[in-house]
Amino acid sequence: MAYKHLSLLAFPISLLISTVLCQTPIPKKPLGFVFNNGKSSAPVHLEIYADLTCPDCQQAWPTIKQVAEVYGPDKVRVVFQSFPLPYHTNSFVAAQSVAVAEGVNATLVFPWIDVLFKNQNQLYNFQTMDKNRFDINNIVASLAPKADISQSAMKDGLSEASYEGQARLSWKHGCSKTVASTPSFFINDVIVNEADASWTLDQWKKLIDSLLQK
Ligand SMILES: *[C@@H]1O[C@H](CO)[C@@H](O)[C@H](O)[C@H]1NC(C)=O
């Protein structure tokens, strides 16, 4: 009699198993791109979750770079996390391309991020409405030489599963940390809700100085 009901358990058990399998993949190393060799021992870890095709992120990034430069790598470690928003049609390709740049040569990641931000108008939804994925890859590859990355290395990289996987993982990681818009900022793993793209160097300094005070 009891055995008859065992089959009823199969469904919840399979659900449970699939839930376990659906956990965010654990990355092999901490995700993100460390700017300017910010040290892991720095007391302040500032992370920006950014979409490379987002105008607000384009606005915020130079200020975050200034923060890194003003404090230096011993005090503030800045990490750039890719968070491609689904409603920015080409943001996932852009996120992939950063992984490709790292694969080509890790020193090219930030020059490449600057090139993408500077040329992001070429990747906006409206401007690319009549383009397919093949065209988008070509646009991204055509920009690559501006950061000393060969066009062919970028084009090949954009069809490699490992870089695609990296971009997926960065998105899943951001979701698991409840990131839902860009730019989002975390300091020492706590989301800084009041910060936005318009924050000036002085606003960041006010916050960071308060944390550095003994
Ligand atoms: C990466 O780029 C840097 C600076 O452009 C260069 O010094 C270095 O040799 C490159 N590394 C490789 C493996 O090509």
# chains A, B, ... in the order shown; residues from 1 in each chain; ligands from 1
call {"tool": "residues_near_ligand", "arguments": {"ligand": "ligand 1", "cutoff": "9 Å", "atoms": "only C-alpha atoms and all ligand atoms", "output": "NGL selection string"}}
result
:A and (104-108 or 148)
call {"tool": "closest_atom_pairs", "arguments": {"of": "region 108-191 of chain A", "to": "region 82-97 of chain A", "cutoff": "10 Å", "atoms": "only C-alpha atoms", "output": "Markdown table"}}
result
| residue | atom | partner | partner_atom | distance |
| --- | --- | --- | --- | --- |
| A:Val109 | CA | A:Ser97 | CA | 9.3 |
| A:Trp112 | CA | A:Ser97 | CA | 8.7 |
| A:Ile113 | CA | A:Ala94 | CA | 9.1 |
| A:Leu116 | CA | A:Ala94 | CA | 7.6 |
| A:Phe117 | CA | A:Ala94 | CA | 9.9 |
| A:Gln120 | CA | A:Ala94 | CA | 9.3 |
| A:Gln122 | CA | A:Asn90 | CA | 9.8 |
| A:Leu123 | CA | A:Asn90 | CA | 6.1 |
| A:Tyr124 | CA | A:His88 | CA | 7.2 |
| A:Asn125 | CA | A:Thr89 | CA | 5.7 |
| A:Phe126 | CA | A:Thr89 | CA | 9.4 |
| A:Thr128 | CA | A:Asn90 | CA | 8.5 |
| A:Met129 | CA | A:Thr89 | CA | 9.0 |
| A:Arg133 | CA | A:Asn90 | CA | 8.6 |
| A:Ile136 | CA | A:Asn90 | CA | 7.4 |
| A:Asn137 | CA | A:Val93 | CA | 7.4 |
| A:Val140 | CA | A:Ala94 | CA | 7.5 |
| A:Ala141 | CA | A:Ser97 | CA | 8.7 |
| A:Ala144 | CA | A:Ser97 | CA | 9.1 |
| A:Met154 | CA | A:Ser97 | CA | 7.0 |
| A:Lys155 | CA | A:Ser97 | CA | 9.0 |
| A:Gly157 | CA | A:Ser97 | CA | 7.5 |
| A:Leu158 | CA | A:Ser97 | CA | 6.4 |
| A:Ser159 | CA | A:Gln96 | CA | 9.3 |
| A:Glu160 | CA | A:Gln96 | CA | 9.4 |
| A:Ala161 | CA | A:Gln96 | CA | 9.8 |
| A:Ser162 | CA | A:Gln96 | CA | 9.4 |
| A:Tyr163 | CA | A:Gln96 | CA | 5.8 |
| A:Glu164 | CA | A:Gln96 | CA | 5.6 |
| A:Gly165 | CA | A:Gln96 | CA | 8.4 |
| A:Gln166 | CA | A:Gln96 | CA | 7.2 |
| A:Ala167 | CA | A:Gln96 | CA | 5.1 |
| A:Arg168 | CA | A:Phe92 | CA | 8.2 |
| A:Leu169 | CA | A:Ser82 | CA | 9.4 |
| A:Ser170 | CA | A:Ser82 | CA | 5.8 |
| A:Trp171 | CA | A:Phe83 | CA | 5.1 |
| A:Lys172 | CA | A:Phe83 | CA | 8.6 |
| A:His173 | CA | A:Phe83 | CA | 8.6 |
| A:Gly174 | CA | A:Phe83 | CA | 6.4 |
| A:Cys175 | CA | A:Phe83 | CA | 8.6 |
| A:Val179 | CA | A:Phe83 | CA | 8.2 |
| A:Ala180 | CA | A:Leu85 | CA | 8.1 |
| A:Ser181 | CA | A:Leu85 | CA | 7.4 |
| A:Thr182 | CA | A:Phe83 | CA | 7.4 |
| A:Pro183 | CA | A:Phe83 | CA | 8.6 |
| A:Ser184 | CA | A:Phe83 | CA | 9.2 |
call {"tool": "closest_residue", "arguments": {"among": "A:Ala42, A:Val67, A:Val34, A:Val100", "to": "Gln81 (chain A)", "atoms": "only C-alpha atoms"}}
result
A:Val34
call {"tool": "atom_distance", "arguments": {"atom1": "CA of Ser198 (chain A)", "atom2": "CA of Cys57 (chain A)"}}
result
9.7 Å
call {"tool": "residues_around", "arguments": {"residues": "Lys39 (chain A)", "least_positions_apart": "2", "cutoff": "6 Å", "atoms": "only C-alpha atoms", "output": "ChimeraX atom specification"}}
result
/A:41-42,73-74,77
call {"tool": "atom_distance", "arguments": {"atom1": "CA of Phe80 (chain A)", "atom2": "CA of Trp61 (chain A)"}}
result
9.1 Å
call {"tool": "select_by_dssp", "arguments": {"residues": "region 16-64 of chain A", "states": "alpha helix (DSSP H)", "output": "PyMOL selection string"}}
result
chain A and resi 16-21+55-64
call {"tool": "write_last_selection", "arguments": {"atoms": "N, CA and C atoms", "output": "compact mmCIF listing (two decimals), in the first residue's frame"}}
result
# COMPACT_ATOMS: atom_id res chain seq x y z
N LEU A 16 13.43 18.83 -6.61
CA LEU A 16 14.48 19.17 -5.66
C LEU A 16 15.84 19.04 -6.33
N ILE A 17 16.01 17.96 -7.08
CA ILE A 17 17.29 17.74 -7.76
C ILE A 17 17.55 18.85 -8.77
N SER A 18 16.50 19.20 -9.53
CA SER A 18 16.74 20.24 -10.54
C SER A 18 17.01 21.58 -9.88
N THR A 19 16.43 21.80 -8.69
CA THR A 19 16.70 23.04 -7.97
C THR A 19 18.18 23.10 -7.59
N VAL A 20 18.68 21.98 -7.10
CA VAL A 20 20.09 21.92 -6.72
C VAL A 20 20.97 22.16 -7.94
N LEU A 21 20.61 21.53 -9.05
CA LEU A 21 21.41 21.69 -10.26
C LEU A 21 21.35 23.11 -10.79
N PRO A 55 24.40 53.97 -21.18
CA PRO A 55 24.95 55.33 -21.08
C PRO A 55 25.29 55.74 -19.65
N ASP A 56 24.51 55.31 -18.67
CA ASP A 56 24.81 55.65 -17.28
C ASP A 56 26.13 55.03 -16.84
N CYS A 57 26.41 53.84 -17.33
CA CYS A 57 27.69 53.19 -16.97
C CYS A 57 28.84 53.92 -17.64
N GLN A 58 28.61 54.37 -18.86
CA GLN A 58 29.61 55.16 -19.57
C GLN A 58 29.95 56.41 -18.77
N GLN A 59 28.91 56.99 -18.16
CA GLN A 59 29.10 58.19 -17.35
C GLN A 59 29.84 57.87 -16.04
N ALA A 60 29.49 56.74 -15.43
CA ALA A 60 30.02 56.42 -14.09
C ALA A 60 31.47 55.94 -14.12
N TRP A 61 31.85 55.21 -15.14
CA TRP A 61 33.13 54.52 -15.13
C TRP A 61 34.35 55.45 -14.97
N PRO A 62 34.41 56.60 -15.66
CA PRO A 62 35.58 57.46 -15.45
C PRO A 62 35.74 57.92 -13.99
N THR A 63 34.61 58.15 -13.31
CA THR A 63 34.69 58.56 -11.90
C THR A 63 35.22 57.41 -11.04
N ILE A 64 34.77 56.21 -11.33
CA ILE A 64 35.24 55.05 -10.55
C ILE A 64 36.75 54.84 -10.78
call {"tool": "residues_around", "arguments": {"residues": "Val44 (chain A)", "least_positions_apart": "5", "cutoff": "8 Å", "atoms": "only C-alpha atoms", "output": "list in words"}}
result
Lys75, Val76, Arg77, Ile187, Asn188, Ile208, Leu211 and Leu212 of chain A
call {"tool": "write_last_selection", "arguments": {"atoms": "C-alpha atoms", "output": "PDB file, in the first residue's frame"}}
result
ATOM      1  CA  LYS A  75      43.516  51.325  -0.135  1.00  0.00           C
ATOM      2  CA  VAL A  76      40.812  50.751  -2.719  1.00  0.00           C
ATOM      3  CA  ARG A  77      40.433  47.731  -4.945  1.00  0.00           C
ATOM      4  CA  ILE A 187      31.438  48.301  -1.213  1.00  0.00           C
ATOM      5  CA  ASN A 188      32.850  45.420   0.774  1.00  0.00           C
ATOM      6  CA  ILE A 208      35.164  55.998   1.394  1.00  0.00           C
ATOM      7  CA  LEU A 211      35.173  53.897   6.044  1.00  0.00           C
ATOM      8  CA  LEU A 212      38.921  54.417   6.129  1.00  0.00           C
TER       9      LEU A 212
END
call {"tool": "atom_distance", "arguments": {"atom1": "CA of Asn36 (chain A)", "atom2": "CA of Ile48 (chain A)"}}
result
14.2 Å
call {"tool": "closest_residue", "arguments": {"among": "A:Ala50, A:Leu207, A:Ile26, A:Ala147", "to": "Asp114 (chain A)", "atoms": "only C-alpha atoms"}}
result
A:Ala147
call {"tool": "closest_residue", "arguments": {"among": "A:Gln66, A:Phe110, A:Phe35, A:Pro30", "to": "Leu52 (chain A)", "atoms": "only C-alpha atoms"}}
result
A:Phe110
